[in-house]
$ cat query02.cif   # mmCIF, C-alpha atoms; chains and numbers go by the auth columns
data_data
#
loop_
_atom_site.group_PDB
_atom_site.id
_atom_site.type_symbol
_atom_site.label_atom_id
_atom_site.label_comp_id
_atom_site.label_asym_id
_atom_site.label_seq_id
_atom_site.Cartn_x
_atom_site.Cartn_y
_atom_site.Cartn_z
_atom_site.B_iso_or_equiv
_atom_site.auth_seq_id
_atom_site.auth_asym_id
ATOM 1 C CA MET A 1 -16.649 -20.135 31.033 0.00 1 D
ATOM 2 C CA LYS A 2 -18.441 -23.445 30.529 0.00 2 D
ATOM 3 C CA LYS A 3 -20.855 -21.774 28.105 0.00 3 D
ATOM 4 C CA ILE A 4 -17.970 -20.397 25.987 0.00 4 D
ATOM 5 C CA LYS A 5 -16.357 -23.842 25.838 0.00 5 D
ATOM 6 C CA SER A 6 -19.639 -25.393 24.653 0.00 6 D
ATOM 7 C CA ILE A 7 -20.005 -22.734 21.951 0.00 7 D
ATOM 8 C CA ASN A 8 -16.430 -23.342 20.765 0.00 8 D
ATOM 9 C CA ILE A 9 -17.091 -27.096 20.532 0.00 9 D
ATOM 10 C CA ILE A 10 -20.261 -26.480 18.502 0.00 10 D
ATOM 11 C CA ILE A 11 -18.420 -24.093 16.163 0.00 11 D
ATOM 12 C CA ALA A 12 -15.577 -26.583 15.685 0.00 12 D
ATOM 13 C CA ALA A 13 -18.076 -29.357 14.903 0.00 13 D
ATOM 14 C CA LEU A 14 -19.871 -27.169 12.338 0.00 14 D
ATOM 15 C CA VAL A 15 -16.591 -26.246 10.660 0.00 15 D
ATOM 16 C CA LEU A 16 -15.614 -29.931 10.501 0.00 16 D
ATOM 17 C CA LEU A 17 -18.998 -30.870 8.987 0.00 17 D
ATOM 18 C CA THR A 18 -18.616 -28.104 6.401 0.00 18 D
ATOM 19 C CA VAL A 19 -15.151 -29.343 5.411 0.00 19 D
ATOM 20 C CA ILE A 20 -16.409 -32.926 5.088 0.00 20 D
ATOM 21 C CA ALA A 21 -19.457 -31.882 3.030 0.00 21 D
ATOM 22 C CA THR A 22 -17.262 -29.797 0.717 0.00 22 D
ATOM 23 C CA ALA A 23 -14.830 -32.670 0.199 0.00 23 D
ATOM 24 C CA VAL A 24 -17.674 -35.075 -0.619 0.00 24 D
ATOM 25 C CA HIS A 25 -19.218 -32.549 -3.031 0.00 25 D
ATOM 26 C CA PHE A 26 -15.967 -32.002 -4.948 0.00 26 D
ATOM 27 C CA ALA A 27 -15.171 -35.720 -5.012 0.00 27 D
ATOM 28 C CA THR A 28 -18.491 -36.527 -6.722 0.00 28 D
ATOM 29 C CA ARG A 29 -18.265 -33.839 -9.437 0.00 29 D
ATOM 30 C CA THR A 30 -17.506 -34.870 -13.001 0.00 30 D
ATOM 31 C CA ASP A 31 -14.045 -33.645 -13.955 0.00 31 D
ATOM 32 C CA VAL A 32 -14.050 -32.364 -17.531 0.00 32 D
ATOM 33 C CA PRO A 33 -10.885 -30.849 -19.020 0.00 33 D
ATOM 34 C CA GLU A 34 -10.891 -27.138 -19.905 0.00 34 D
ATOM 35 C CA GLY A 35 -12.227 -26.591 -23.425 0.00 35 D
ATOM 36 C CA ALA A 36 -14.058 -29.922 -23.519 0.00 36 D
ATOM 37 C CA LEU A 37 -17.671 -31.036 -23.303 0.00 37 D
ATOM 38 C CA ARG A 38 -18.525 -34.490 -21.967 0.00 38 D
ATOM 39 C CA VAL A 39 -21.471 -36.360 -23.470 0.00 39 D
ATOM 40 C CA GLU A 40 -22.707 -39.439 -21.603 0.00 40 D
ATOM 41 C CA TYR A 41 -25.096 -41.964 -23.110 0.00 41 D
ATOM 42 C CA GLY A 42 -25.745 -45.693 -22.802 0.00 42 D
ATOM 43 C CA GLY A 43 -22.979 -46.199 -20.240 0.00 43 D
ATOM 44 C CA LYS A 44 -20.448 -44.515 -22.554 0.00 44 D
ATOM 45 C CA ALA A 45 -18.775 -41.128 -22.319 0.00 45 D
ATOM 46 C CA VAL A 46 -17.335 -39.011 -25.128 0.00 46 D
ATOM 47 C CA GLU A 47 -15.365 -35.817 -24.629 0.00 47 D
ATOM 48 C CA LEU A 48 -15.716 -33.313 -27.453 0.00 48 D
ATOM 49 C CA ASP A 49 -13.304 -30.456 -28.107 0.00 49 D
ATOM 50 C CA VAL A 50 -15.405 -27.280 -27.942 0.00 50 D
ATOM 51 C CA GLY A 51 -13.048 -25.577 -30.425 0.00 51 D
ATOM 52 C CA LYS A 52 -13.809 -28.259 -33.047 0.00 52 D
ATOM 53 C CA LEU A 53 -17.612 -28.166 -32.870 0.00 53 D
ATOM 54 C CA GLU A 54 -19.426 -27.290 -36.100 0.00 54 D
ATOM 55 C CA LEU A 55 -20.930 -23.963 -35.034 0.00 55 D
ATOM 56 C CA LYS A 56 -23.280 -21.773 -37.035 0.00 56 D
ATOM 57 C CA PRO A 57 -24.777 -18.293 -36.505 0.00 57 D
ATOM 58 C CA VAL A 58 -27.712 -18.417 -34.092 0.00 58 D
ATOM 59 C CA GLN A 59 -30.241 -15.766 -33.116 0.00 59 D
ATOM 60 C CA GLY A 60 -33.460 -15.915 -31.135 0.00 60 D
ATOM 61 C CA THR A 61 -35.454 -14.600 -28.199 0.00 61 D
ATOM 62 C CA VAL A 62 -35.260 -15.737 -24.584 0.00 62 D
ATOM 63 C CA ARG A 63 -37.203 -14.667 -21.513 0.00 63 D
ATOM 64 C CA ASN A 64 -35.813 -13.990 -18.065 0.00 64 D
ATOM 65 C CA GLY A 65 -37.511 -14.802 -14.759 0.00 65 D
ATOM 66 C CA LYS A 66 -39.456 -11.513 -14.935 0.00 66 D
ATOM 67 C CA GLY A 67 -40.885 -12.380 -18.353 0.00 67 D
ATOM 68 C CA GLU A 68 -38.754 -9.779 -20.139 0.00 68 D
ATOM 69 C CA GLU A 69 -37.646 -10.756 -23.621 0.00 69 D
ATOM 70 C CA LYS A 70 -34.063 -10.477 -24.818 0.00 70 D
ATOM 71 C CA THR A 71 -32.516 -11.196 -28.203 0.00 71 D
ATOM 72 C CA VAL A 72 -29.580 -13.592 -28.077 0.00 72 D
ATOM 73 C CA ALA A 73 -27.143 -13.984 -30.954 0.00 73 D
ATOM 74 C CA GLY A 74 -23.873 -15.805 -31.422 0.00 74 D
ATOM 75 C CA GLN A 75 -22.255 -18.974 -32.694 0.00 75 D
ATOM 76 C CA GLY A 76 -23.782 -22.253 -31.571 0.00 76 D
ATOM 77 C CA ILE A 77 -24.800 -25.801 -32.295 0.00 77 D
ATOM 78 C CA GLU A 78 -28.233 -27.357 -31.956 0.00 78 D
ATOM 79 C CA LEU A 79 -28.242 -29.740 -29.010 0.00 79 D
ATOM 80 C CA GLY A 80 -29.898 -32.494 -31.040 0.00 80 D
ATOM 81 C CA GLN A 81 -27.199 -32.189 -33.716 0.00 81 D
ATOM 82 C CA LEU A 82 -24.454 -32.344 -31.070 0.00 82 D
ATOM 83 C CA LEU A 83 -25.956 -35.514 -29.583 0.00 83 D
ATOM 84 C CA GLU A 84 -26.151 -37.042 -33.046 0.00 84 D
ATOM 85 C CA GLN A 85 -22.482 -36.209 -33.704 0.00 85 D
ATOM 86 C CA ALA A 86 -21.520 -37.747 -30.355 0.00 86 D
ATOM 87 C CA GLY A 87 -23.308 -40.988 -31.271 0.00 87 D
ATOM 88 C CA ALA A 88 -26.133 -40.750 -28.735 0.00 88 D
ATOM 89 C CA GLY A 89 -29.008 -42.854 -30.053 0.00 89 D
ATOM 90 C CA ASP A 90 -32.523 -43.177 -28.703 0.00 90 D
ATOM 91 C CA TYR A 91 -33.252 -41.212 -25.546 0.00 91 D
ATOM 92 C CA THR A 92 -36.175 -39.609 -23.753 0.00 92 D
ATOM 93 C CA THR A 93 -34.489 -36.977 -21.587 0.00 93 D
ATOM 94 C CA VAL A 94 -31.375 -34.844 -21.776 0.00 94 D
ATOM 95 C CA THR A 95 -29.727 -33.284 -18.745 0.00 95 D
ATOM 96 C CA VAL A 96 -27.351 -30.381 -19.320 0.00 96 D
ATOM 97 C CA THR A 97 -25.043 -29.656 -16.377 0.00 97 D
ATOM 98 C CA ALA A 98 -22.748 -26.703 -15.653 0.00 98 D
ATOM 99 C CA ASP A 99 -19.339 -26.781 -14.005 0.00 99 D
ATOM 100 C CA ASP A 100 -20.990 -25.782 -10.703 0.00 100 D
ATOM 101 C CA GLU A 101 -23.405 -28.761 -10.982 0.00 101 D
ATOM 102 C CA TYR A 102 -26.413 -26.568 -11.866 0.00 102 D
ATOM 103 C CA GLY A 103 -28.468 -28.388 -14.459 0.00 103 D
ATOM 104 C CA ALA A 104 -31.565 -28.366 -16.601 0.00 104 D
ATOM 105 C CA GLN A 105 -33.609 -31.147 -18.140 0.00 105 D
ATOM 106 C CA LEU A 106 -35.070 -31.276 -21.623 0.00 106 D
ATOM 107 C CA THR A 107 -37.133 -33.835 -23.462 0.00 107 D
ATOM 108 C CA ALA A 108 -36.097 -35.591 -26.660 0.00 108 D
ATOM 109 C CA GLU A 109 -39.003 -33.833 -28.389 0.00 109 D
ATOM 110 C CA GLU A 110 -37.600 -30.425 -27.435 0.00 110 D
ATOM 111 C CA THR A 111 -34.116 -31.249 -28.669 0.00 111 D
ATOM 112 C CA ALA A 112 -35.587 -32.506 -31.974 0.00 112 D
ATOM 113 C CA GLN A 113 -37.386 -29.203 -32.673 0.00 113 D
ATOM 114 C CA PRO A 114 -35.449 -27.159 -35.234 0.00 114 D
ATOM 115 C CA ASN A 115 -34.006 -23.821 -34.055 0.00 115 D
ATOM 116 C CA LYS A 116 -35.118 -24.299 -30.430 0.00 116 D
ATOM 117 C CA VAL A 117 -32.341 -25.752 -28.218 0.00 117 D
ATOM 118 C CA TYR A 118 -28.742 -24.629 -28.654 0.00 118 D
ATOM 119 C CA LEU A 119 -25.384 -24.649 -26.976 0.00 119 D
ATOM 120 C CA LEU A 120 -23.953 -21.175 -27.637 0.00 120 D
ATOM 121 C CA LEU A 121 -20.265 -20.353 -27.513 0.00 121 D
ATOM 122 C CA GLU A 122 -19.565 -17.569 -25.015 0.00 122 D
ATOM 123 C CA ASP A 123 -16.748 -15.000 -25.204 0.00 123 D
ATOM 124 C CA ASP A 124 -14.716 -17.009 -22.678 0.00 124 D
ATOM 125 C CA SER A 125 -15.005 -20.159 -24.876 0.00 125 D
ATOM 126 C CA SER A 126 -17.500 -21.801 -22.518 0.00 126 D
ATOM 127 C CA LEU A 127 -20.887 -23.093 -23.661 0.00 127 D
ATOM 128 C CA ARG A 128 -24.325 -21.915 -22.579 0.00 128 D
ATOM 129 C CA LEU A 129 -27.605 -23.778 -22.992 0.00 129 D
ATOM 130 C CA VAL A 130 -30.289 -21.615 -24.589 0.00 130 D
ATOM 131 C CA VAL A 131 -33.872 -22.727 -25.150 0.00 131 D
ATOM 132 C CA PHE A 132 -35.497 -20.190 -27.463 0.00 132 D
ATOM 133 C CA GLY A 133 -39.097 -19.277 -26.656 0.00 133 D
ATOM 134 C CA ASP A 134 -38.857 -21.092 -23.311 0.00 134 D
ATOM 135 C CA GLU A 135 -41.008 -19.798 -20.458 0.00 135 D
ATOM 136 C CA ASN A 136 -38.649 -21.454 -17.945 0.00 136 D
ATOM 137 C CA SER A 137 -35.597 -19.165 -17.724 0.00 137 D
ATOM 138 C CA LYS A 138 -34.087 -21.549 -15.168 0.00 138 D
ATOM 139 C CA ARG A 139 -33.037 -23.759 -18.073 0.00 139 D
ATOM 140 C CA ASN A 140 -30.531 -21.140 -19.241 0.00 140 D
ATOM 141 C CA VAL A 141 -27.366 -22.953 -18.085 0.00 141 D
ATOM 142 C CA SER A 142 -23.951 -21.264 -18.334 0.00 142 D
ATOM 143 C CA ASN A 143 -20.536 -22.976 -18.337 0.00 143 D
ATOM 144 C CA VAL A 144 -21.940 -26.275 -19.643 0.00 144 D
ATOM 145 C CA LYS A 145 -19.547 -29.182 -19.079 0.00 145 D
ATOM 146 C CA LEU A 146 -21.771 -32.278 -19.238 0.00 146 D
ATOM 147 C CA VAL A 147 -24.655 -33.453 -21.395 0.00 147 D
ATOM 148 C CA SER A 148 -26.172 -36.781 -20.370 0.00 148 D
ATOM 149 C CA VAL A 149 -29.012 -38.633 -22.032 0.00 149 D
ATOM 150 C CA SER A 150 -31.275 -41.359 -20.718 0.00 150 D
#

$ encode --input "query02.cif" --output "structure tokens"
Amino acid sequence: MKKIKSINIIIAALVLLTVIATAVHFATRTDVPEGALRVEYGGKAVELDVGKLELKPVQGTVRNGKGEEKTVAGQGIELGQLLEQAGAGDYTTVTVTADDEYGAQLTAEETAQPNKVYLLLEDDSSLRLVVFGDENSKRNVSNVKLVSVS
């Protein structure tokens, strides 16, 4: 009986810790309205309407974690061009973050390369980071909500 009571106390404590950790996690997430993309630079933040971005046809090859190549095509905007439109000036790194807080880092040199780094418009009107020719498939970020430069 005493053992069961101890187990119940441990379970209750674990549930409480989980609830607290979840609340802290959601409280620290950046809230971006549906259909918007937030760009942060130099202590400023700009929210861009995804539907008003100047998109162009994009096509290229990406690799998955197994090294298999896949052709990707769609409408998109070069990340460097988007940062320029948002007013982001000099920077060394760019972090692209999804709505679930998954993110990838790029260098300013990568974003400056023509036809390499894009935000592609998905069927559900969300954005996806694509780095063509990249060996690191972990930088393929879906549901992009935040782009921050430093």

$ resolve_selection --input "query02.cif" --expression "the PyMOL selection byres ((chain D and resi 60) around 8)" --output "PDB file with C-alpha atoms, in the coordinates of the input"
ATOM      1  CA  VAL D  58     -27.712 -18.417 -34.092  1.00  0.00           C
ATOM      2  CA  GLN D  59     -30.241 -15.766 -33.116  1.00  0.00           C
ATOM      3  CA  THR D  61     -35.454 -14.600 -28.199  1.00  0.00           C
ATOM      4  CA  VAL D  62     -35.260 -15.737 -24.584  1.00  0.00           C
ATOM      5  CA  THR D  71     -32.516 -11.196 -28.203  1.00  0.00           C
ATOM      6  CA  VAL D  72     -29.580 -13.592 -28.077  1.00  0.00           C
ATOM      7  CA  ALA D  73     -27.143 -13.984 -30.954  1.00  0.00           C
ATOM      8  CA  PHE D 132     -35.497 -20.190 -27.463  1.00  0.00           C
ATOM      9  CA  GLY D 133     -39.097 -19.277 -26.656  1.00  0.00           C
TER      10      GLY D 133
END

$ resolve_selection --input "query02.cif" --expression "the PyMOL selection byres ((chain D and resi 110-116) around 6)" --output "PyMOL selection string"
chain D and resi 80+107-109+117+131-132

$ resolve_selection --input "query02.cif" --expression "the PyMOL selection byres ((chain D and resi 57) around 10)" --output "list in words"
Leu55, Lys56, Val58, Gln59, Ala73, Gly74, Gln75, Gly76, Ile77 and Leu120 of chain D

$ residues_around --input "query02.cif" --residues "stretch 125-130 of chain D" --least-positions-apart "5" --cutoff "10 Å" --atoms "all atoms listed in the file" --output "ChimeraX atom specification"
/D:34-37,50-51,60-62,72,76-79,96-98,103-104,116-120,137,139-145

$ atom_distance --input "query02.cif" --atom1 "atom CA of D:Tyr102" --atom2 "atom CA of D:Lys138"
9.7 Å

$ atom_distance --input "query02.cif" --atom1 "atom CA of D:Arg63" --atom2 "atom CA of D:Glu40"
28.7 Å

$ atom_distance --input "query02.cif" --atom1 "atom CA of D:Val46" --atom2 "atom CA of D:Asp31"
12.8 Å

$ closest_residue --input "query02.cif" --among "D:Lys70, D:Ile4, D:Leu83, D:Ala12" --to "D:Thr95" --atoms "all atoms listed in the file"
D:Leu83

$ axis_aligned_box --input "query02.cif" --around "stretch 127-143 of chain D" --padding-each-side "8 Å" --output "AutoDock Vina command-line options"
--center_x -30.8 --center_y -21.5 --center_z -21.3 --size_x 36.5 --size_y 20.6 --size_z 28.3

$ decode --input "query02.cif" --residues "stretch 48-77 of chain D" --atoms "C-alpha atoms" --output "compact mmCIF listing (two decimals), in the first residue's frame"
# COMPACT_ATOMS: atom_id res chain seq x y z
CA LEU D 48 5.46 40.48 -43.90
CA ASP D 49 2.25 39.24 -45.50
CA VAL D 50 3.16 35.95 -47.20
CA GLY D 51 0.45 36.55 -49.83
CA LYS D 52 2.15 39.81 -50.90
CA LEU D 53 5.69 38.48 -51.34
CA GLU D 54 7.21 38.86 -54.81
CA LEU D 55 7.48 35.17 -55.72
CA LYS D 56 9.02 33.70 -58.85
CA PRO D 57 9.25 30.17 -60.29
CA VAL D 58 11.97 28.15 -58.57
CA GLN D 59 13.43 24.75 -59.38
CA GLY D 60 16.45 22.88 -58.06
CA THR D 61 17.79 19.73 -56.46
CA VAL D 62 17.87 18.88 -52.76
CA ARG D 63 19.24 15.87 -50.91
CA ASN D 64 17.59 14.00 -48.07
CA GLY D 65 19.35 12.47 -45.06
CA LYS D 66 20.08 9.31 -47.09
CA GLY D 67 21.83 11.30 -49.82
CA GLU D 68 19.01 10.76 -52.32
CA GLU D 69 18.41 13.64 -54.69
CA LYS D 70 14.98 15.12 -55.34
CA THR D 71 13.88 17.88 -57.69
CA VAL D 72 11.91 20.65 -56.00
CA ALA D 73 9.85 23.16 -57.94
CA GLY D 74 7.39 25.86 -56.99
CA GLN D 75 6.97 29.56 -56.32
CA GLY D 76 9.48 31.17 -53.97
CA ILE D 77 11.65 34.09 -53.02
